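Working notes, beginning with the structure itself.
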Amino acid sequence: MAMLNWDELEKQCMSCRKCSLCEERTNVVFGVGPRDAEVLFIGEGPGENEDLQGEPFVGRAGKLLDDMLEIIDLSRKKNIYIANMVKCRPPKNRDPLNTEQDACIDYLRNQVALIKPKIIVCLGRISAMRVIKEDFKITQEHGKWFEKNGVWTMALYHPAALLRDPRRKPEAFEDLKILQAKIREVCEHTY
């Protein structure tokens, strides 16, 4: 796929029919945030609330994510961009299949190319396995930095996982502090 500008990319994404996820979607969930953000968060795919509202991370997990980000002075409104691996909701919020990820990955790659983030944060195992490395182990490797093509990448526990297992919240808080330190080190206008 040739590199598209934001308007072309969003238009193409909104009319996408590359996989079966398009058949049941209410909305394509393209992404949200300032398009010059130095920090890009990548989730796995939209859930029910996201599908209905057309914005990533707007349900209970989204509220938790916003609260987590606020702790380190980040916000989708002012200084980070949030996108997903797949732009349409998988049925019953199941993990997106590899074929669905493959159908959608060029949209995400184009977003990354346009944003040119200094830091990418994967939210959860699925995103980390696609972006960081195939055998990523979220319980062992969350909060650890990987450098790929000059971009710092790390994974945080998915907010939905933290809702299911609140005992992991202290680890997530430590990871946020690690993220904050890296932002201060490599980003110019995030803070």
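Each chain in the structure tokens gets a letter, A, B, ..., in the order shown, and its residues are numbered from 1; ligands are numbered from 1 in order too.
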Considering only C-alpha atoms, return as a PDB file with N, CA, C and O atoms, in the first residue's frame whatever protein or nucleic-acid residues lie within 10 Å of A:Asp51, sequence-local ones (same chain, fewer than 5 positions apart) excluded.
```pdb
ATOM      1  N   GLU A  24     -20.023  -6.722  10.500  1.00  0.00           N
ATOM      2  CA  GLU A  24     -20.842  -6.479  11.686  1.00  0.00           C
ATOM      3  C   GLU A  24     -20.505  -5.180  12.404  1.00  0.00           C
ATOM      4  O   GLU A  24     -21.093  -4.882  13.437  1.00  0.00           O
ATOM      5  N   ARG A  25     -19.576  -4.408  11.864  1.00  0.00           N
ATOM      6  CA  ARG A  25     -19.184  -3.190  12.572  1.00  0.00           C
ATOM      7  C   ARG A  25     -20.279  -2.129  12.522  1.00  0.00           C
ATOM      8  O   ARG A  25     -21.038  -2.053  11.553  1.00  0.00           O
ATOM      9  N   THR A  26     -20.304  -1.317  13.578  1.00  0.00           N
ATOM     10  CA  THR A  26     -21.130  -0.115  13.582  1.00  0.00           C
ATOM     11  C   THR A  26     -20.276   1.028  13.066  1.00  0.00           C
ATOM     12  O   THR A  26     -20.691   1.799  12.211  1.00  0.00           O
ATOM     13  N   ASN A  27     -19.057   1.128  13.615  1.00  0.00           N
ATOM     14  CA  ASN A  27     -18.112   2.170  13.221  1.00  0.00           C
ATOM     15  C   ASN A  27     -16.715   1.592  13.047  1.00  0.00           C
ATOM     16  O   ASN A  27     -16.331   0.662  13.756  1.00  0.00           O
ATOM     17  N   VAL A  28     -15.959   2.184  12.144  1.00  0.00           N
ATOM     18  CA  VAL A  28     -14.523   1.931  12.068  1.00  0.00           C
ATOM     19  C   VAL A  28     -13.906   2.797  13.168  1.00  0.00           C
ATOM     20  O   VAL A  28     -14.272   3.960  13.324  1.00  0.00           O
ATOM     21  N   VAL A  29     -13.002   2.201  13.939  1.00  0.00           N
ATOM     22  CA  VAL A  29     -12.345   2.941  15.020  1.00  0.00           C
ATOM     23  C   VAL A  29     -10.934   3.277  14.535  1.00  0.00           C
ATOM     24  O   VAL A  29     -10.013   2.475  14.644  1.00  0.00           O
ATOM     25  N   GLY A  45      -7.849  -4.102  19.492  1.00  0.00           N
ATOM     26  CA  GLY A  45      -9.004  -3.862  18.633  1.00  0.00           C
ATOM     27  C   GLY A  45     -10.148  -3.281  19.432  1.00  0.00           C
ATOM     28  O   GLY A  45     -10.161  -3.359  20.657  1.00  0.00           O
ATOM     29  N   PRO A  46     -11.130  -2.706  18.753  1.00  0.00           N
ATOM     30  CA  PRO A  46     -12.253  -2.086  19.449  1.00  0.00           C
ATOM     31  C   PRO A  46     -13.149  -3.114  20.139  1.00  0.00           C
ATOM     32  O   PRO A  46     -13.322  -4.227  19.643  1.00  0.00           O
ATOM     33  N   PRO A  56     -11.268   4.704  20.172  1.00  0.00           N
ATOM     34  CA  PRO A  56     -10.650   3.630  20.955  1.00  0.00           C
ATOM     35  C   PRO A  56     -10.711   3.893  22.462  1.00  0.00           C
ATOM     36  O   PRO A  56     -10.669   5.041  22.904  1.00  0.00           O
ATOM     37  N   PHE A  57     -10.828   2.818  23.217  1.00  0.00           N
ATOM     38  CA  PHE A  57     -10.740   2.861  24.676  1.00  0.00           C
ATOM     39  C   PHE A  57     -11.709   3.867  25.296  1.00  0.00           C
ATOM     40  O   PHE A  57     -11.297   4.856  25.883  1.00  0.00           O
ATOM     41  N   VAL A  58     -13.013   3.594  25.150  1.00  0.00           N
ATOM     42  CA  VAL A  58     -14.016   4.480  25.747  1.00  0.00           C
ATOM     43  C   VAL A  58     -14.888   3.793  26.795  1.00  0.00           C
ATOM     44  O   VAL A  58     -15.650   4.454  27.487  1.00  0.00           O
ATOM     45  N   LYS A  87      -9.151  -2.158  13.162  1.00  0.00           N
ATOM     46  CA  LYS A  87      -9.998  -0.972  13.290  1.00  0.00           C
ATOM     47  C   LYS A  87     -11.478  -1.301  13.455  1.00  0.00           C
ATOM     48  O   LYS A  87     -12.294  -0.412  13.644  1.00  0.00           O
ATOM     49  N   CYS A  88     -11.828  -2.586  13.358  1.00  0.00           N
ATOM     50  CA  CYS A  88     -13.215  -3.012  13.523  1.00  0.00           C
ATOM     51  C   CYS A  88     -13.294  -4.044  14.644  1.00  0.00           C
ATOM     52  O   CYS A  88     -12.349  -4.805  14.879  1.00  0.00           O
ATOM     53  N   ARG A  89     -14.441  -4.094  15.321  1.00  0.00           N
ATOM     54  CA  ARG A  89     -14.598  -4.949  16.488  1.00  0.00           C
ATOM     55  C   ARG A  89     -14.676  -6.432  16.113  1.00  0.00           C
ATOM     56  O   ARG A  89     -15.528  -6.833  15.326  1.00  0.00           O
ATOM     57  N   PRO A  90     -13.797  -7.257  16.722  1.00  0.00           N
ATOM     58  CA  PRO A  90     -13.968  -8.702  16.584  1.00  0.00           C
ATOM     59  C   PRO A  90     -15.215  -9.158  17.358  1.00  0.00           C
ATOM     60  O   PRO A  90     -15.512  -8.594  18.418  1.00  0.00           O
TER      61      PRO A  90
END
```
_Which residues are near stretch 31-44 of chain A? Cut-off 9 Å, only C-alpha atoms, ignore same chain within fewer than 3 positions. Put them as JSON, numbers by chain._
{"A": [6, 54, 55, 56, 57, 75, 76, 77, 78, 79, 80, 81, 82, 83, 84, 85, 86, 87, 95, 96, 101, 108, 111, 112, 114, 115, 116, 117, 118, 119, 120, 121, 122, 123, 124, 125, 126, 127, 128, 131, 158, 183, 187, 188, 189, 190]}
*Using backbone DSSP assignments, extract all strand (DSSP E) residues from stretch 20-188 of chain A; output them as a ChimeraX atom specification.*
/A:39-43,80-84,119-123,146-148,151-156
Determine, counting only C-alpha atoms, which protein, DNA and RNA residues have an atom within 12 Å of an atom of stretch 163-168 of chain A; residues of the same chain fewer than 3 positions away are not included. Present the result as a PDB file with all heavy atoms, in the first residue's frame.
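File part_31.pdb, as written:
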```pdb
ATOM      1  N   GLY A  59     -14.776   2.491  26.948  1.00  0.00           N
ATOM      2  CA  GLY A  59     -15.554   1.776  27.965  1.00  0.00           C
ATOM      3  C   GLY A  59     -14.862   1.827  29.323  1.00  0.00           C
ATOM      4  O   GLY A  59     -14.090   2.740  29.610  1.00  0.00           O
ATOM      5  N   ARG A  60     -15.132   0.823  30.163  1.00  0.00           N
ATOM      6  CA  ARG A  60     -14.508   0.763  31.494  1.00  0.00           C
ATOM      7  C   ARG A  60     -12.990   0.726  31.387  1.00  0.00           C
ATOM      8  O   ARG A  60     -12.281   1.390  32.140  1.00  0.00           O
ATOM      9  CB  ARG A  60     -15.001  -0.467  32.262  1.00  0.00           C
ATOM     10  CG  ARG A  60     -16.391  -0.300  32.848  1.00  0.00           C
ATOM     11  CD  ARG A  60     -16.856  -1.542  33.610  1.00  0.00           C
ATOM     12  NE  ARG A  60     -15.965  -1.857  34.714  1.00  0.00           N
ATOM     13  CZ  ARG A  60     -15.480  -3.082  34.975  1.00  0.00           C
ATOM     14  NH1 ARG A  60     -15.793  -4.103  34.202  1.00  0.00           N
ATOM     15  NH2 ARG A  60     -14.683  -3.285  36.001  1.00  0.00           N
ATOM     16  N   ALA A  61     -12.474  -0.069  30.448  1.00  0.00           N
ATOM     17  CA  ALA A  61     -11.022  -0.160  30.266  1.00  0.00           C
ATOM     18  C   ALA A  61     -10.460   1.184  29.793  1.00  0.00           C
ATOM     19  O   ALA A  61      -9.366   1.589  30.199  1.00  0.00           O
ATOM     20  CB  ALA A  61     -10.669  -1.266  29.275  1.00  0.00           C
ATOM     21  N   GLY A  62     -11.223   1.884  28.968  1.00  0.00           N
ATOM     22  CA  GLY A  62     -10.797   3.203  28.499  1.00  0.00           C
ATOM     23  C   GLY A  62     -10.741   4.216  29.614  1.00  0.00           C
ATOM     24  O   GLY A  62      -9.827   5.042  29.685  1.00  0.00           O
ATOM     25  N   LYS A  63     -11.720   4.152  30.523  1.00  0.00           N
ATOM     26  CA  LYS A  63     -11.732   5.047  31.684  1.00  0.00           C
ATOM     27  C   LYS A  63     -10.502   4.767  32.551  1.00  0.00           C
ATOM     28  O   LYS A  63      -9.821   5.702  32.998  1.00  0.00           O
ATOM     29  CB  LYS A  63     -13.030   4.842  32.475  1.00  0.00           C
ATOM     30  CG  LYS A  63     -13.082   5.543  33.824  1.00  0.00           C
ATOM     31  CD  LYS A  63     -13.367   7.038  33.676  1.00  0.00           C
ATOM     32  CE  LYS A  63     -13.561   7.720  35.017  1.00  0.00           C
ATOM     33  NZ  LYS A  63     -12.364   8.403  35.520  1.00  0.00           N
ATOM     34  N   LEU A  64     -10.201   3.490  32.755  1.00  0.00           N
ATOM     35  CA  LEU A  64      -9.014   3.133  33.537  1.00  0.00           C
ATOM     36  C   LEU A  64      -7.747   3.622  32.828  1.00  0.00           C
ATOM     37  O   LEU A  64      -6.845   4.178  33.466  1.00  0.00           O
ATOM     38  CB  LEU A  64      -8.945   1.616  33.783  1.00  0.00           C
ATOM     39  CG  LEU A  64      -7.700   1.134  34.522  1.00  0.00           C
ATOM     40  CD1 LEU A  64      -7.547   1.810  35.879  1.00  0.00           C
ATOM     41  CD2 LEU A  64      -7.734  -0.392  34.683  1.00  0.00           C
ATOM     42  N   LEU A  65      -7.687   3.434  31.505  1.00  0.00           N
ATOM     43  CA  LEU A  65      -6.524   3.915  30.750  1.00  0.00           C
ATOM     44  C   LEU A  65      -6.361   5.425  30.920  1.00  0.00           C
ATOM     45  O   LEU A  65      -5.262   5.905  31.195  1.00  0.00           O
ATOM     46  CB  LEU A  65      -6.650   3.553  29.263  1.00  0.00           C
ATOM     47  CG  LEU A  65      -5.512   4.073  28.368  1.00  0.00           C
ATOM     48  CD1 LEU A  65      -4.164   3.491  28.776  1.00  0.00           C
ATOM     49  CD2 LEU A  65      -5.806   3.781  26.904  1.00  0.00           C
ATOM     50  N   ILE A 138       3.787 -11.083  28.193  1.00  0.00           N
ATOM     51  CA  ILE A 138       3.373  -9.859  28.887  1.00  0.00           C
ATOM     52  C   ILE A 138       3.683  -9.915  30.383  1.00  0.00           C
ATOM     53  O   ILE A 138       4.103  -8.923  30.968  1.00  0.00           O
ATOM     54  CB  ILE A 138       1.880  -9.527  28.614  1.00  0.00           C
ATOM     55  CG1 ILE A 138       1.528  -8.115  29.100  1.00  0.00           C
ATOM     56  CG2 ILE A 138       0.944 -10.545  29.221  1.00  0.00           C
ATOM     57  CD1 ILE A 138       1.974  -6.994  28.227  1.00  0.00           C
ATOM     58  N   THR A 139       3.517 -11.072  31.018  1.00  0.00           N
ATOM     59  CA  THR A 139       3.748 -11.132  32.470  1.00  0.00           C
ATOM     60  C   THR A 139       5.219 -10.963  32.820  1.00  0.00           C
ATOM     61  O   THR A 139       5.544 -10.499  33.904  1.00  0.00           O
ATOM     62  CB  THR A 139       3.237 -12.461  33.071  1.00  0.00           C
ATOM     63  OG1 THR A 139       3.809 -13.545  32.336  1.00  0.00           O
ATOM     64  CG2 THR A 139       1.720 -12.549  33.021  1.00  0.00           C
ATOM     65  N   HIS A 142       6.451  -6.913  30.446  1.00  0.00           N
ATOM     66  CA  HIS A 142       5.793  -5.601  30.540  1.00  0.00           C
ATOM     67  C   HIS A 142       6.780  -4.624  31.183  1.00  0.00           C
ATOM     68  O   HIS A 142       7.584  -5.002  32.035  1.00  0.00           O
ATOM     69  CB  HIS A 142       4.497  -5.692  31.360  1.00  0.00           C
ATOM     70  CG  HIS A 142       4.725  -6.033  32.799  1.00  0.00           C
ATOM     71  ND1 HIS A 142       4.959  -5.075  33.765  1.00  0.00           N
ATOM     72  CD2 HIS A 142       4.795  -7.227  33.427  1.00  0.00           C
ATOM     73  CE1 HIS A 142       5.148  -5.653  34.933  1.00  0.00           C
ATOM     74  NE2 HIS A 142       5.056  -6.972  34.758  1.00  0.00           N
ATOM     75  N   LEU A 156       2.457  -2.376  28.152  1.00  0.00           N
ATOM     76  CA  LEU A 156       1.791  -2.291  29.452  1.00  0.00           C
ATOM     77  C   LEU A 156       0.713  -3.364  29.486  1.00  0.00           C
ATOM     78  O   LEU A 156       0.222  -3.781  28.430  1.00  0.00           O
ATOM     79  CB  LEU A 156       1.099  -0.930  29.626  1.00  0.00           C
ATOM     80  CG  LEU A 156       1.941   0.339  29.588  1.00  0.00           C
ATOM     81  CD1 LEU A 156       1.031   1.558  29.656  1.00  0.00           C
ATOM     82  CD2 LEU A 156       2.931   0.351  30.732  1.00  0.00           C
ATOM     83  N   TYR A 157       0.326  -3.775  30.690  1.00  0.00           N
ATOM     84  CA  TYR A 157      -0.843  -4.638  30.786  1.00  0.00           C
ATOM     85  C   TYR A 157      -2.030  -3.914  30.163  1.00  0.00           C
ATOM     86  O   TYR A 157      -2.192  -2.699  30.328  1.00  0.00           O
ATOM     87  CB  TYR A 157      -1.186  -4.942  32.245  1.00  0.00           C
ATOM     88  CG  TYR A 157      -0.302  -5.978  32.886  1.00  0.00           C
ATOM     89  CD1 TYR A 157       0.538  -5.647  33.937  1.00  0.00           C
ATOM     90  CD2 TYR A 157      -0.319  -7.305  32.438  1.00  0.00           C
ATOM     91  CE1 TYR A 157       1.343  -6.604  34.539  1.00  0.00           C
ATOM     92  CE2 TYR A 157       0.489  -8.262  33.023  1.00  0.00           C
ATOM     93  CZ  TYR A 157       1.315  -7.919  34.076  1.00  0.00           C
ATOM     94  OH  TYR A 157       2.109  -8.861  34.655  1.00  0.00           O
ATOM     95  N   HIS A 158      -2.856  -4.666  29.452  1.00  0.00           N
ATOM     96  CA  HIS A 158      -4.068  -4.082  28.877  1.00  0.00           C
ATOM     97  C   HIS A 158      -4.973  -3.645  30.033  1.00  0.00           C
ATOM     98  O   HIS A 158      -5.114  -4.381  31.009  1.00  0.00           O
ATOM     99  CB  HIS A 158      -4.779  -5.121  28.002  1.00  0.00           C
ATOM    100  CG  HIS A 158      -5.816  -4.532  27.117  1.00  0.00           C
ATOM    101  ND1 HIS A 158      -7.022  -4.067  27.598  1.00  0.00           N
ATOM    102  CD2 HIS A 158      -5.832  -4.315  25.780  1.00  0.00           C
ATOM    103  CE1 HIS A 158      -7.732  -3.595  26.591  1.00  0.00           C
ATOM    104  NE2 HIS A 158      -7.036  -3.726  25.482  1.00  0.00           N
ATOM    105  N   PRO A 159      -5.567  -2.453  29.930  1.00  0.00           N
ATOM    106  CA  PRO A 159      -6.443  -2.001  31.016  1.00  0.00           C
ATOM    107  C   PRO A 159      -7.551  -3.009  31.370  1.00  0.00           C
ATOM    108  O   PRO A 159      -7.903  -3.156  32.539  1.00  0.00           O
ATOM    109  CB  PRO A 159      -7.037  -0.696  30.486  1.00  0.00           C
ATOM    110  CG  PRO A 159      -6.056  -0.215  29.472  1.00  0.00           C
ATOM    111  CD  PRO A 159      -5.426  -1.437  28.881  1.00  0.00           C
ATOM    112  N   ALA A 160      -8.081  -3.721  30.371  1.00  0.00           N
ATOM    113  CA  ALA A 160      -9.117  -4.728  30.656  1.00  0.00           C
ATOM    114  C   ALA A 160      -8.553  -5.854  31.535  1.00  0.00           C
ATOM    115  O   ALA A 160      -9.253  -6.380  32.401  1.00  0.00           O
ATOM    116  CB  ALA A 160      -9.682  -5.296  29.355  1.00  0.00           C
ATOM    117  N   GLU A 171       2.204  -3.121  39.573  1.00  0.00           N
ATOM    118  CA  GLU A 171       3.188  -3.326  38.495  1.00  0.00           C
ATOM    119  C   GLU A 171       2.930  -2.327  37.366  1.00  0.00           C
ATOM    120  O   GLU A 171       3.863  -1.748  36.812  1.00  0.00           O
ATOM    121  CB  GLU A 171       3.081  -4.738  37.915  1.00  0.00           C
ATOM    122  CG  GLU A 171       3.450  -5.858  38.857  1.00  0.00           C
ATOM    123  CD  GLU A 171       3.115  -7.202  38.226  1.00  0.00           C
ATOM    124  OE1 GLU A 171       3.857  -7.635  37.316  1.00  0.00           O
ATOM    125  OE2 GLU A 171       2.101  -7.807  38.626  1.00  0.00           O
ATOM    126  N   ALA A 172       1.654  -2.127  37.039  1.00  0.00           N
ATOM    127  CA  ALA A 172       1.293  -1.191  35.968  1.00  0.00           C
ATOM    128  C   ALA A 172       1.711   0.230  36.350  1.00  0.00           C
ATOM    129  O   ALA A 172       2.185   0.989  35.503  1.00  0.00           O
ATOM    130  CB  ALA A 172      -0.209  -1.260  35.691  1.00  0.00           C
ATOM    131  N   PHE A 173       1.554   0.580  37.618  1.00  0.00           N
ATOM    132  CA  PHE A 173       1.957   1.907  38.090  1.00  0.00           C
ATOM    133  C   PHE A 173       3.466   2.092  37.928  1.00  0.00           C
ATOM    134  O   PHE A 173       3.929   3.137  37.461  1.00  0.00           O
ATOM    135  CB  PHE A 173       1.537   2.101  39.548  1.00  0.00           C
ATOM    136  CG  PHE A 173       1.894   3.454  40.093  1.00  0.00           C
ATOM    137  CD1 PHE A 173       1.163   4.581  39.728  1.00  0.00           C
ATOM    138  CD2 PHE A 173       2.966   3.604  40.951  1.00  0.00           C
ATOM    139  CE1 PHE A 173       1.501   5.836  40.219  1.00  0.00           C
ATOM    140  CE2 PHE A 173       3.311   4.862  41.447  1.00  0.00           C
ATOM    141  CZ  PHE A 173       2.575   5.974  41.085  1.00  0.00           C
ATOM    142  N   GLU A 174       4.236   1.062  38.267  1.00  0.00           N
ATOM    143  CA  GLU A 174       5.697   1.121  38.084  1.00  0.00           C
ATOM    144  C   GLU A 174       6.044   1.292  36.605  1.00  0.00           C
ATOM    145  O   GLU A 174       6.949   2.050  36.259  1.00  0.00           O
ATOM    146  CB  GLU A 174       6.374  -0.141  38.637  1.00  0.00           C
ATOM    147  CG  GLU A 174       6.351  -0.228  40.161  1.00  0.00           C
ATOM    148  CD  GLU A 174       6.971   1.004  40.834  1.00  0.00           C
ATOM    149  OE1 GLU A 174       8.073   1.421  40.426  1.00  0.00           O
ATOM    150  OE2 GLU A 174       6.345   1.554  41.755  1.00  0.00           O
ATOM    151  N   ASP A 175       5.333   0.570  35.744  1.00  0.00           N
ATOM    152  CA  ASP A 175       5.570   0.682  34.296  1.00  0.00           C
ATOM    153  C   ASP A 175       5.293   2.101  33.794  1.00  0.00           C
ATOM    154  O   ASP A 175       6.000   2.617  32.925  1.00  0.00           O
ATOM    155  CB  ASP A 175       4.702  -0.318  33.516  1.00  0.00           C
ATOM    156  CG  ASP A 175       5.088  -1.766  33.786  1.00  0.00           C
ATOM    157  OD1 ASP A 175       6.154  -2.009  34.384  1.00  0.00           O
ATOM    158  OD2 ASP A 175       4.305  -2.661  33.404  1.00  0.00           O
TER     159      ASP A 175
END
```
*Might you pull out every residue within 9 Å of A:Glu100, with only C-alpha atoms counted and same-chain residues fewer than 2 positions away left off, and present them as a list in words?*
Lys18, Cys19, Ser20, Leu21, Val86, Pro90, Pro96, Leu97, Asn98, Asp102, Ala103, Cys104 and Ile105 of chain A
Can you write just those residues out, C-alpha atoms, as a PDB file, in the first residue's frame?
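So the final result, stored in out31.pdb, reads:
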```
ATOM      1  CA  LYS A  18     -10.566  -6.397   3.489  1.00  0.00           C
ATOM      2  CA  CYS A  19     -11.817  -8.877   6.121  1.00  0.00           C
ATOM      3  CA  SER A  20     -15.067 -10.175   7.575  1.00  0.00           C
ATOM      4  CA  LEU A  21     -14.942  -7.795  10.568  1.00  0.00           C
ATOM      5  CA  VAL A  86      -7.532  -3.768  13.898  1.00  0.00           C
ATOM      6  CA  PRO A  90     -13.968  -8.702  16.584  1.00  0.00           C
ATOM      7  CA  PRO A  96      -8.250 -10.396  16.443  1.00  0.00           C
ATOM      8  CA  LEU A  97      -7.215 -13.295  14.210  1.00  0.00           C
ATOM      9  CA  ASN A  98      -3.878 -13.130  12.381  1.00  0.00           C
ATOM     10  CA  ASP A 102      -2.785  -8.861   8.390  1.00  0.00           C
ATOM     11  CA  ALA A 103      -5.707  -7.228   6.543  1.00  0.00           C
ATOM     12  CA  CYS A 104      -5.496  -4.136   8.762  1.00  0.00           C
ATOM     13  CA  ILE A 105      -1.774  -3.786   9.512  1.00  0.00           C
TER      14      ILE A 105
END
```
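Atom CA of A:Asp106 lies 9.3 Å from atom CA of A:Ala2.
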